[in-house]
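See below for entry09.txt, which holds compact mmCIF, C-alpha atoms.
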# COMPACT_ATOMS: atom_id res chain seq x y z
CA MET A 1 69.04 94.53 177.53
CA PHE A 2 69.53 92.65 174.26
CA ASP A 3 67.98 89.24 173.77
CA TYR A 4 70.94 88.16 171.65
CA LEU A 5 74.53 89.26 171.16
CA ILE A 6 75.65 87.94 167.78
CA VAL A 7 79.39 87.83 167.22
CA GLY A 8 80.19 88.08 163.52
CA ALA A 9 78.23 89.84 160.74
CA GLY A 10 78.81 87.30 157.98
CA PHE A 11 76.20 84.92 156.59
CA ALA A 12 75.60 82.95 159.80
CA GLY A 13 75.28 85.95 162.09
CA SER A 14 73.29 88.10 159.67
CA VAL A 15 70.74 85.40 158.85
CA LEU A 16 70.14 84.72 162.53
CA ALA A 17 69.90 88.43 163.34
CA GLU A 18 67.30 88.90 160.60
CA ARG A 19 65.20 85.90 161.63
CA LEU A 20 65.28 86.68 165.34
CA ALA A 21 64.45 90.35 164.79
CA THR A 22 61.73 90.02 162.17
CA ARG A 23 60.11 86.71 163.09
CA SER A 24 60.60 86.54 166.86
CA ASN A 25 60.67 90.26 167.71
CA LYS A 26 63.97 89.84 169.56
CA LYS A 27 66.35 92.70 170.30
CA VAL A 28 69.64 91.87 168.65
CA LEU A 29 73.11 93.39 168.80
CA ILE A 30 75.37 92.12 166.02
CA ILE A 31 79.06 92.99 166.15
CA ASP A 32 82.10 92.45 163.99
CA LYS A 33 85.79 93.13 164.51
CA ARG A 34 86.10 94.29 160.89
CA ASN A 35 84.89 97.68 159.68
CA HIS A 36 82.12 96.21 157.52
CA ILE A 37 79.29 93.69 157.48
CA GLY A 38 79.13 90.69 155.15
CA GLY A 39 82.12 88.72 156.42
CA ASN A 40 84.30 87.30 153.68
CA ALA A 41 81.51 87.89 151.13
CA TYR A 42 81.89 91.67 151.51
CA ASP A 43 82.13 93.52 148.19
CA HIS A 44 82.56 97.20 147.36
CA TYR A 45 83.29 99.61 144.51
CA ASN A 46 87.01 100.32 144.23
CA GLU A 47 88.45 103.73 143.43
CA ASP A 48 87.84 103.14 139.72
CA GLY A 49 84.17 102.31 140.27
CA ILE A 50 84.49 98.55 139.71
CA LEU A 51 82.60 96.19 142.01
CA VAL A 52 85.16 93.85 143.60
CA HIS A 53 85.12 91.13 146.25
CA LYS A 54 87.65 92.14 148.89
CA TYR A 55 88.32 88.58 150.06
CA GLY A 56 88.40 86.76 146.74
CA PRO A 57 85.59 85.56 144.47
CA HIS A 58 82.33 84.43 146.05
CA ILE A 59 80.15 82.49 143.62
CA PHE A 60 76.67 81.67 144.86
CA HIS A 61 75.30 78.23 144.01
CA THR A 62 72.92 75.89 145.80
CA ASN A 63 70.57 72.97 145.36
CA SER A 64 68.42 74.22 148.23
CA LYS A 65 65.23 75.88 147.10
CA ASP A 66 64.60 77.08 150.67
CA VAL A 67 67.99 78.81 150.90
CA PHE A 68 67.65 80.44 147.48
CA GLU A 69 64.15 81.69 148.17
CA TYR A 70 65.13 82.94 151.62
CA LEU A 71 67.97 85.06 150.19
CA SER A 72 65.64 86.25 147.42
CA ASN A 73 63.88 88.31 150.08
CA PHE A 74 66.94 90.56 150.14
CA THR A 75 68.25 90.63 146.58
CA ASP A 76 67.39 90.20 142.94
CA TRP A 77 69.73 87.96 141.00
CA ARG A 78 71.94 88.02 137.93
CA PRO A 79 72.07 84.65 136.13
CA TYR A 80 75.64 83.36 136.25
CA GLU A 81 77.20 79.93 135.72
CA HIS A 82 80.82 79.83 136.80
CA TRP A 83 83.58 78.37 134.66
CA VAL A 84 87.33 78.11 135.13
CA LEU A 85 90.42 77.44 133.03
CA ALA A 86 93.68 75.94 134.26
CA SER A 87 97.13 76.77 132.94
CA VAL A 88 98.70 73.39 132.14
CA ASP A 89 101.50 72.54 129.73
CA GLY A 90 101.44 76.05 128.27
CA GLN A 91 97.71 75.91 127.48
CA HIS A 92 94.54 77.09 129.17
CA VAL A 93 92.18 74.12 129.47
CA PRO A 94 88.86 73.58 131.28
CA ILE A 95 88.82 72.55 134.92
CA PRO A 96 87.08 70.39 136.16
CA ILE A 97 88.65 68.03 133.65
CA ASN A 98 86.22 67.27 130.82
CA LEU A 99 86.26 65.99 127.24
CA ASP A 100 87.61 69.28 125.86
CA THR A 101 90.37 69.31 128.48
CA ILE A 102 91.72 65.95 127.33
CA ASN A 103 91.38 66.62 123.61
CA LYS A 104 93.15 69.96 123.86
CA LEU A 105 95.84 68.70 126.19
CA TYR A 106 96.74 65.65 124.13
CA GLY A 107 95.79 66.89 120.65
CA THR A 108 93.18 64.17 120.25
CA ASN A 109 89.60 64.06 119.00
CA MET A 110 88.04 61.57 121.40
CA THR A 111 84.33 61.10 121.97
CA SER A 112 82.69 60.86 125.38
CA PHE A 113 82.85 57.05 125.21
CA GLU A 114 86.51 57.11 124.24
CA VAL A 115 87.52 59.55 126.95
CA ASP A 116 85.70 57.42 129.53
CA ALA A 117 87.79 54.45 128.40
CA PHE A 118 90.89 56.68 128.52
CA PHE A 119 90.22 57.59 132.16
CA GLU A 120 89.73 53.91 133.00
CA SER A 121 93.03 53.01 131.35
CA GLN A 122 94.85 55.70 133.34
CA ALA A 123 93.17 55.11 136.72
CA GLU A 124 95.09 53.31 139.45
CA ALA A 125 93.47 50.75 141.71
CA VAL A 126 93.20 52.13 145.24
CA PRO A 127 91.62 49.59 147.63
CA VAL A 128 90.62 52.18 150.24
CA ILE A 129 90.18 55.87 149.38
CA ARG A 130 91.62 57.83 152.31
CA THR A 131 93.54 60.82 150.97
CA SER A 132 93.12 63.50 148.31
CA GLU A 133 95.76 61.76 146.22
CA ASP A 134 93.80 58.52 146.37
CA VAL A 135 90.67 60.26 145.06
CA VAL A 136 92.35 61.67 141.96
CA VAL A 137 94.63 58.80 140.92
CA SER A 138 91.76 56.34 141.31
CA LYS A 139 89.69 58.40 138.83
CA VAL A 140 92.12 59.76 136.23
CA GLY A 141 95.55 58.33 137.01
CA ARG A 142 98.95 59.64 138.00
CA GLU A 143 99.76 61.85 135.00
CA LEU A 144 96.67 64.07 135.22
CA TYR A 145 97.06 64.12 139.00
CA GLU A 146 100.54 65.58 138.59
CA LYS A 147 99.47 68.08 135.93
CA PHE A 148 96.37 69.50 137.65
CA PHE A 149 96.20 68.62 141.32
CA ARG A 150 99.44 67.87 143.14
CA ASN A 151 101.21 71.21 142.90
CA TYR A 152 98.01 73.23 143.23
CA THR A 153 97.21 71.38 146.46
CA ARG A 154 100.74 71.85 147.76
CA LYS A 155 100.46 75.60 147.21
CA GLN A 156 96.95 75.90 148.58
CA TRP A 157 97.38 73.75 151.68
CA GLY A 158 101.13 73.65 152.29
CA LEU A 159 100.79 69.86 152.29
CA ASP A 160 101.03 67.08 149.75
CA PRO A 161 97.65 65.62 148.71
CA SER A 162 98.77 62.32 150.23
CA GLU A 163 98.61 64.07 153.63
CA LEU A 164 95.12 65.54 153.21
CA ASP A 165 91.71 64.02 153.76
CA LYS A 166 89.86 62.77 150.68
CA SER A 167 87.24 65.53 151.05
CA VAL A 168 89.58 68.17 149.56
CA THR A 169 89.69 66.80 146.01
CA SER A 170 86.36 64.96 146.17
CA ARG A 171 84.71 68.36 145.59
CA VAL A 172 86.10 68.55 142.03
CA PRO A 173 84.37 66.18 139.55
CA THR A 174 85.71 64.60 136.35
CA ARG A 175 83.46 64.71 133.28
CA THR A 176 83.30 62.83 130.01
CA ASN A 177 81.17 65.47 128.28
CA ARG A 178 81.83 69.11 127.34
CA ASP A 179 80.11 70.64 130.37
CA ARG A 180 82.48 73.41 131.42
CA ARG A 181 80.48 74.62 134.41
CA TYR A 182 82.40 74.55 137.66
CA PHE A 183 79.17 73.84 139.58
CA THR A 184 76.09 71.90 138.54
CA ASP A 185 73.71 73.15 141.26
CA THR A 186 70.09 73.93 140.41
CA TYR A 187 70.40 77.57 141.47
CA GLN A 188 73.42 79.52 140.25
CA ALA A 189 73.42 83.32 140.33
CA MET A 190 75.06 86.44 141.71
CA PRO A 191 73.32 89.09 143.85
CA LEU A 192 72.35 91.72 141.31
CA HIS A 193 73.64 94.68 143.32
CA GLY A 194 76.35 92.78 145.19
CA TYR A 195 76.60 90.89 148.46
CA THR A 196 76.99 93.94 150.68
CA LYS A 197 73.69 95.42 149.45
CA MET A 198 72.04 92.11 150.25
CA PHE A 199 73.45 92.12 153.79
CA GLU A 200 72.42 95.75 154.30
CA LYS A 201 68.83 94.89 153.45
CA MET A 202 68.97 91.79 155.64
CA LEU A 203 70.06 93.80 158.68
CA ASP A 204 67.81 96.82 158.08
CA HIS A 205 65.40 96.40 161.00
CA PRO A 206 64.73 98.52 164.11
CA ASN A 207 65.34 95.50 166.36
CA ILE A 208 68.90 95.09 165.03
CA LYS A 209 71.79 97.24 166.21
CA ILE A 210 75.20 96.93 164.54
CA MET A 211 78.62 97.64 166.04
CA LEU A 212 81.76 97.40 163.88
CA ASN A 213 85.45 97.57 164.72
CA VAL A 214 84.78 95.89 168.04
CA ASP A 215 85.99 92.67 169.64
CA TYR A 216 83.42 90.74 171.63
CA HIS A 217 85.77 90.64 174.63
CA GLU A 218 85.42 94.43 174.88
CA ILE A 219 81.67 94.43 175.37
CA MET A 220 80.72 91.06 176.88
CA ASN A 221 80.81 92.43 180.41
CA VAL A 222 79.62 95.91 179.49
CA ILE A 223 76.50 95.48 177.37
CA PRO A 224 73.83 93.22 178.90
CA PHE A 225 72.39 90.36 176.83
CA LYS A 226 70.57 87.10 177.49
CA GLU A 227 72.14 84.74 174.96
CA MET A 228 75.07 84.76 172.57
CA ILE A 229 75.43 83.45 169.03
CA PHE A 230 79.10 83.00 168.25
CA THR A 231 80.37 82.68 164.67
CA GLY A 232 84.07 83.25 165.35
CA PRO A 233 86.83 80.65 165.87
CA VAL A 234 85.67 78.15 168.49
CA ASP A 235 89.20 77.67 169.86
CA GLU A 236 89.53 81.42 170.41
CA TYR A 237 86.29 81.48 172.42
CA PHE A 238 87.79 78.95 174.82
CA ASP A 239 91.14 80.78 174.99
CA PHE A 240 92.88 78.02 172.99
CA LYS A 241 92.55 75.67 175.95
CA PHE A 242 93.54 72.60 173.95
CA GLY A 243 95.77 74.40 171.46
CA LYS A 244 95.13 76.32 168.25
CA LEU A 245 93.07 74.79 165.45
CA PRO A 246 95.14 74.88 162.22
CA TYR A 247 93.96 76.95 159.26
CA ARG A 248 95.29 78.01 155.90
CA SER A 249 95.02 81.68 155.03
CA LEU A 250 95.13 83.77 151.87
CA GLU A 251 96.65 87.06 150.81
CA PHE A 252 94.75 88.97 148.14
CA LYS A 253 96.49 91.33 145.74
CA HIS A 254 94.09 93.51 143.74
CA GLU A 255 94.99 95.16 140.44
CA THR A 256 93.05 97.36 138.02
CA LEU A 257 94.06 97.42 134.36
CA ASN A 258 93.27 100.05 131.74
CA LYS A 259 91.56 97.56 129.42
CA GLU A 260 88.06 96.10 129.20
CA GLN A 261 89.00 92.43 129.58
CA HIS A 262 92.13 90.55 130.60
CA LEU A 263 91.38 86.85 131.18
CA GLU A 264 89.90 84.24 128.83
CA ALA A 265 87.67 83.01 131.67
CA PRO A 266 86.29 84.48 134.90
CA VAL A 267 89.00 82.57 136.79
CA VAL A 268 92.28 81.02 135.65
CA ASN A 269 94.01 78.51 137.94
CA TYR A 270 97.78 78.15 138.00
CA PRO A 271 98.64 74.71 139.39
CA ASN A 272 102.30 74.59 138.40
CA GLU A 273 103.66 78.08 137.83
CA HIS A 274 103.66 81.27 139.94
CA LEU A 275 103.27 81.64 143.69
CA TYR A 276 99.58 82.48 143.37
CA THR A 277 96.95 79.79 142.82
CA ARG A 278 94.48 81.71 140.68
CA ILE A 279 93.44 85.05 139.17
CA THR A 280 89.84 86.29 139.11
CA GLU A 281 88.38 88.99 136.86
CA PHE A 282 85.43 90.50 138.72
CA LYS A 283 83.50 91.99 135.79
CA ALA A 284 83.01 88.46 134.46
CA LEU A 285 81.16 87.63 137.69
CA THR A 286 79.13 90.81 138.11
CA GLY A 287 78.37 91.60 134.46
CA GLN A 288 79.38 95.21 135.02
CA THR A 289 80.29 97.26 131.96
CA HIS A 290 83.36 99.44 132.51
CA PRO A 291 86.31 100.60 130.35
CA LYS A 292 88.72 99.19 132.95
CA THR A 293 88.90 95.77 134.58
CA SER A 294 89.88 94.63 138.06
CA LEU A 295 91.66 91.41 139.05
CA VAL A 296 92.62 89.67 142.26
CA TYR A 297 95.55 87.30 142.73
CA GLU A 298 95.37 84.74 145.54
CA TYR A 299 98.49 83.76 147.46
CA PRO A 300 98.08 80.96 150.02
CA ARG A 301 99.61 81.69 153.40
CA ALA A 302 100.29 79.73 156.59
CA GLU A 303 99.42 82.75 158.77
CA GLY A 304 96.69 85.36 158.58
CA ASP A 305 92.90 85.39 158.77
CA PRO A 306 91.53 81.84 159.11
CA TYR A 307 89.96 80.69 155.83
CA TYR A 308 90.33 76.96 155.35
CA PRO A 309 90.24 74.37 158.17
CA ILE A 310 92.98 71.84 157.41
CA PRO A 311 91.23 68.46 157.00
CA LYS A 312 93.48 66.01 158.83
CA PRO A 313 92.38 63.41 161.41
CA GLU A 314 94.37 64.98 164.26
CA ASN A 315 92.71 68.35 163.60
CA ALA A 316 89.26 66.75 163.69
CA GLU A 317 90.14 65.19 167.05
CA LEU A 318 91.24 68.56 168.39
CA TYR A 319 88.04 70.21 167.19
CA ASN A 320 85.94 67.53 168.87
CA LYS A 321 87.43 68.56 172.20
CA TYR A 322 86.27 72.12 171.60
CA LYS A 323 82.89 70.91 170.36
CA LYS A 324 82.34 69.10 173.64
CA LEU A 325 83.01 72.35 175.50
CA ALA A 326 80.74 74.26 173.13
CA ASP A 327 77.89 71.79 173.61
CA GLU A 328 78.23 72.18 177.39
CA THR A 329 78.29 76.01 177.37
CA PRO A 330 74.87 77.37 178.37
CA ASN A 331 73.24 80.22 176.44
CA VAL A 332 75.99 80.31 173.78
CA HIS A 333 75.27 78.91 170.32
CA PHE A 334 78.10 78.15 167.90
CA VAL A 335 77.37 78.39 164.18
CA GLY A 336 79.24 78.96 160.91
CA ARG A 337 82.54 77.93 159.40
CA LEU A 338 84.88 79.09 162.14
CA ALA A 339 82.68 78.07 165.04
CA THR A 340 82.22 74.53 163.72
CA TYR A 341 85.64 74.16 162.02
CA LYS A 342 84.21 73.09 158.66
CA TYR A 343 84.62 74.42 155.15
CA TYR A 344 81.03 75.25 154.27
CA ASN A 345 79.84 76.89 151.08
CA MET A 346 77.76 80.04 151.56
CA ASP A 347 74.46 78.23 151.06
CA GLN A 348 75.42 75.62 153.66
CA VAL A 349 76.10 78.35 156.22
CA VAL A 350 72.70 79.92 155.48
CA ALA A 351 71.01 76.53 155.89
CA GLN A 352 72.85 75.93 159.16
CA ALA A 353 71.77 79.33 160.49
CA LEU A 354 68.14 78.78 159.50
CA THR A 355 68.23 75.40 161.24
CA LEU A 356 69.60 76.96 164.41
CA TYR A 357 66.89 79.61 164.31
CA LYS A 358 64.21 76.92 164.24
CA LYS A 359 65.93 75.20 167.17
CA LEU A 360 66.08 78.45 169.13
CA THR A 361 62.42 79.20 168.60
CA GLU A 362 61.41 75.55 169.10
CA LYS A 363 58.92 75.68 166.30
CA SER A 364 58.77 75.06 162.59
CA GLU A 365 58.84 78.09 160.31
CA GLU A 366 57.76 78.51 156.75
CA VAL A 367 60.11 80.87 154.91
CA GLN A 368 58.27 83.72 153.21
CA VAL A 369 59.41 84.65 149.74
CA LYS A 370 58.73 87.73 147.71
CA LYS A 371 58.57 85.82 144.41
CA PRO A 372 56.50 82.73 143.50
CA ALA A 373 58.19 79.37 143.84
CA ILE A 374 59.47 77.62 140.75
CA THR A 375 56.96 74.98 139.66
CA GLY A 376 56.62 72.54 136.83
CA SER A 377 59.18 73.07 134.09
CA ALA A 378 60.02 76.66 134.99
CA SER A 379 63.77 77.17 135.03
CA LEU A 380 66.03 79.22 137.24
CA MET A 381 66.52 81.62 134.35
CA ASP A 382 62.78 82.36 134.41
CA LYS A 383 62.99 83.26 138.09
CA LEU A 384 66.07 85.46 137.89
CA LEU A 385 65.67 89.10 137.02
CA PRO A 386 68.33 90.27 134.55
CA ARG A 387 69.01 93.94 135.02
CA ASP A 388 71.52 96.45 133.74
CA PRO A 389 74.63 95.93 135.93
CA ASN A 390 75.70 99.51 135.22
CA LYS A 391 72.86 100.66 137.47
CA GLN A 392 74.39 98.98 140.51
CA GLN A 393 76.07 102.16 141.69
CA ALA A 394 72.90 103.86 142.79

Take the structure I supplied and represent it as structure tokens, if you would.
Amino acid sequence: MFDYLIVGAGFAGSVLAERLATRSNKKVLIIDKRNHIGGNAYDHYNEDGILVHKYGPHIFHTNSKDVFEYLSNFTDWRPYEHWVLASVDGQHVPIPINLDTINKLYGTNMTSFEVDAFFESQAEAVPVIRTSEDVVVSKVGRELYEKFFRNYTRKQWGLDPSELDKSVTSRVPTRTNRDRRYFTDTYQAMPLHGYTKMFEKMLDHPNIKIMLNVDYHEIMNVIPFKEMIFTGPVDEYFDFKFGKLPYRSLEFKHETLNKEQHLEAPVVNYPNEHLYTRITEFKALTGQTHPKTSLVYEYPRAEGDPYYPIPKPENAELYNKYKKLADETPNVHFVGRLATYKYYNMDQVVAQALTLYKKLTEKSEEVQVKKPAITGSASLMDKLLPRDPNKQQA
């Protein structure tokens, strides 16, 4: 008899399995319908020996000290601050839009004060910000909206930004300085040996049993358990009783080139040309040294694995019907992106799982860390442990 059956071996399921097994001495069975652990963060060495992310780039960043220190129990880190270029008007310019973006795009030499005034002169008055279009045009105006956001959003979501909730483009800031970082979180790093190694260490406990290539329907009535933690699609759990929750999917096309470097940046976005939205070069993320380089192209799709909940009011209403059922279902706990129909970053999923663990155990828990906490003026770079990425293939 297992204390918990955990459906899904991504971040949510793995964190809960680890906490329940190590801190509460619970017997846990964690299953996944895929042939690997790690969920969408799964990475592996391809046939050329290059570490790649199977399901597109996963960049870890967080402002949560607790989340960072919790994951530090299972991995050392490689310092990494993500940056992206966008292909616009035949040039590659920084995105999020910053001072260098505008000066390069328009052939100007503005200062931070001047570009701030430029944005104000371009911005349109929007009395109530409701949609993704409203967010952008109210900040930088119609022209930059058309150049950077409209077509990219149409490709990514299959909808015009005027049809999408404001949350979609609110995630991308506009800057008047030269800060090219895509994220500004306190903690930004990549697992030194990859995400999969981190998950393997997380799940390495005698109280945890793992089954892959299995659907939970196949074992629910065969293997006895007391409670379930479900990280899959909430509508699927309830047999799509109210209809299917809409998602956007992605198709990933991987390519290895016989050259050391291909892109100018770790990621290049293509808002206006090509059917793909972006290209990622993995060695830029991992720091691996290799004579070849590996890329992934991302093609948005209407069908396929569920990746992005479509943020529209009618979809939120549909989810709330499933949430009511979920809240009323005894001994089943719903956690993670798919189970709560929200686009969470990795750190947010970890935080959600840690919160659920505390709720399940009905007591507060102090996360143990294997390294001392950052105090005073110590920086993240002091805490991270730079290592030789070529030694990852141990």

- Quick one, how far is atom CA of Ser167 of chain A from atom CA of Arg130 of chain A?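 So the answer is 8.9 Å.
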
Could you list, as an NGL selection string, every residue within 12 Å of Phe252 of chain A, counting only C-alpha atoms and ignoring same-chain residues fewer than 3 positions away? :A and (40 or 52-57 or 249 or 255 or 276-280 or 295-301 or 304-305)

| message | Here is a test: counting all atoms listed in the file, which residue of A:Gln156, A:Thr131, A:Thr361, A:Thr256 is nearest to Lys312 of chain A? | response |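 With all atoms listed in the file as the atom set, the closest residue is A:Thr131.
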
Separating atom CA of Asp179 of chain A from atom CA of Thr101 of chain A, to the nearest tenth of an Å, is a gap of 10.5 Å

* Which residues come within 9 Å of segment 60-75 of chain A, counting all atoms listed in the file, excluding same-chain residues fewer than 3 positions away, as a PyMOL selection string? -> chain A and resi 80-81+183-195+197-202+345-348+350-351+354+367-371+373-374

From the list A:Tyr145, A:Trp77, A:Phe230, A:Tyr106, the nearest residue to Gly10 of chain A using only C-alpha atoms is A:Phe230

Checklist line | Separation of atom CA of His82 of chain A from atom CA of Tyr152 of chain A, in Å and rounded to one decimal | finding: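 Here the two named atoms are 19.5 Å from each other.
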
Of A:Asn221, A:Thr231, A:Asn213, A:Thr286, the one nearest to Lys33 of chain A when counting all atoms listed in the file is A:Asn213

N, CA and C atoms restored at segment 341-355 of chain A, emitted as a compact mmCIF listing (two decimals), keeping the file's coordinate frame:
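selection.txt was written with the following content:
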# COMPACT_ATOMS: atom_id res chain seq x y z
N TYR A 341 84.40 74.65 162.64
CA TYR A 341 85.64 74.16 162.02
C TYR A 341 85.34 73.27 160.80
N LYS A 342 84.52 73.81 159.89
CA LYS A 342 84.21 73.09 158.66
C LYS A 342 84.20 74.07 157.49
N TYR A 343 84.63 73.58 156.33
CA TYR A 343 84.62 74.42 155.15
C TYR A 343 83.26 74.31 154.48
N TYR A 344 82.37 75.22 154.85
CA TYR A 344 81.03 75.25 154.27
C TYR A 344 80.98 76.23 153.11
N ASN A 345 80.19 75.90 152.09
CA ASN A 345 79.84 76.89 151.08
C ASN A 345 78.85 77.88 151.70
N MET A 346 78.64 79.00 151.01
CA MET A 346 77.76 80.04 151.56
C MET A 346 76.35 79.51 151.82
N ASP A 347 75.83 78.73 150.89
CA ASP A 347 74.46 78.23 151.06
C ASP A 347 74.36 77.29 152.26
N GLN A 348 75.43 76.53 152.52
CA GLN A 348 75.42 75.62 153.66
C GLN A 348 75.40 76.38 154.98
N VAL A 349 76.11 77.52 155.01
CA VAL A 349 76.10 78.35 156.22
C VAL A 349 74.70 78.94 156.45
N VAL A 350 74.07 79.39 155.36
CA VAL A 350 72.70 79.92 155.48
C VAL A 350 71.76 78.84 156.00
N ALA A 351 71.87 77.64 155.46
CA ALA A 351 71.01 76.53 155.89
C ALA A 351 71.26 76.20 157.36
N GLN A 352 72.52 76.21 157.77
CA GLN A 352 72.85 75.93 159.16
C GLN A 352 72.25 76.99 160.08
N ALA A 353 72.32 78.24 159.67
CA ALA A 353 71.77 79.33 160.49
C ALA A 353 70.25 79.24 160.58
N LEU A 354 69.59 78.92 159.48
CA LEU A 354 68.14 78.78 159.50
C LEU A 354 67.71 77.61 160.40
N THR A 355 68.51 76.54 160.38
CA THR A 355 68.23 75.40 161.24
C THR A 355 68.37 75.77 162.71
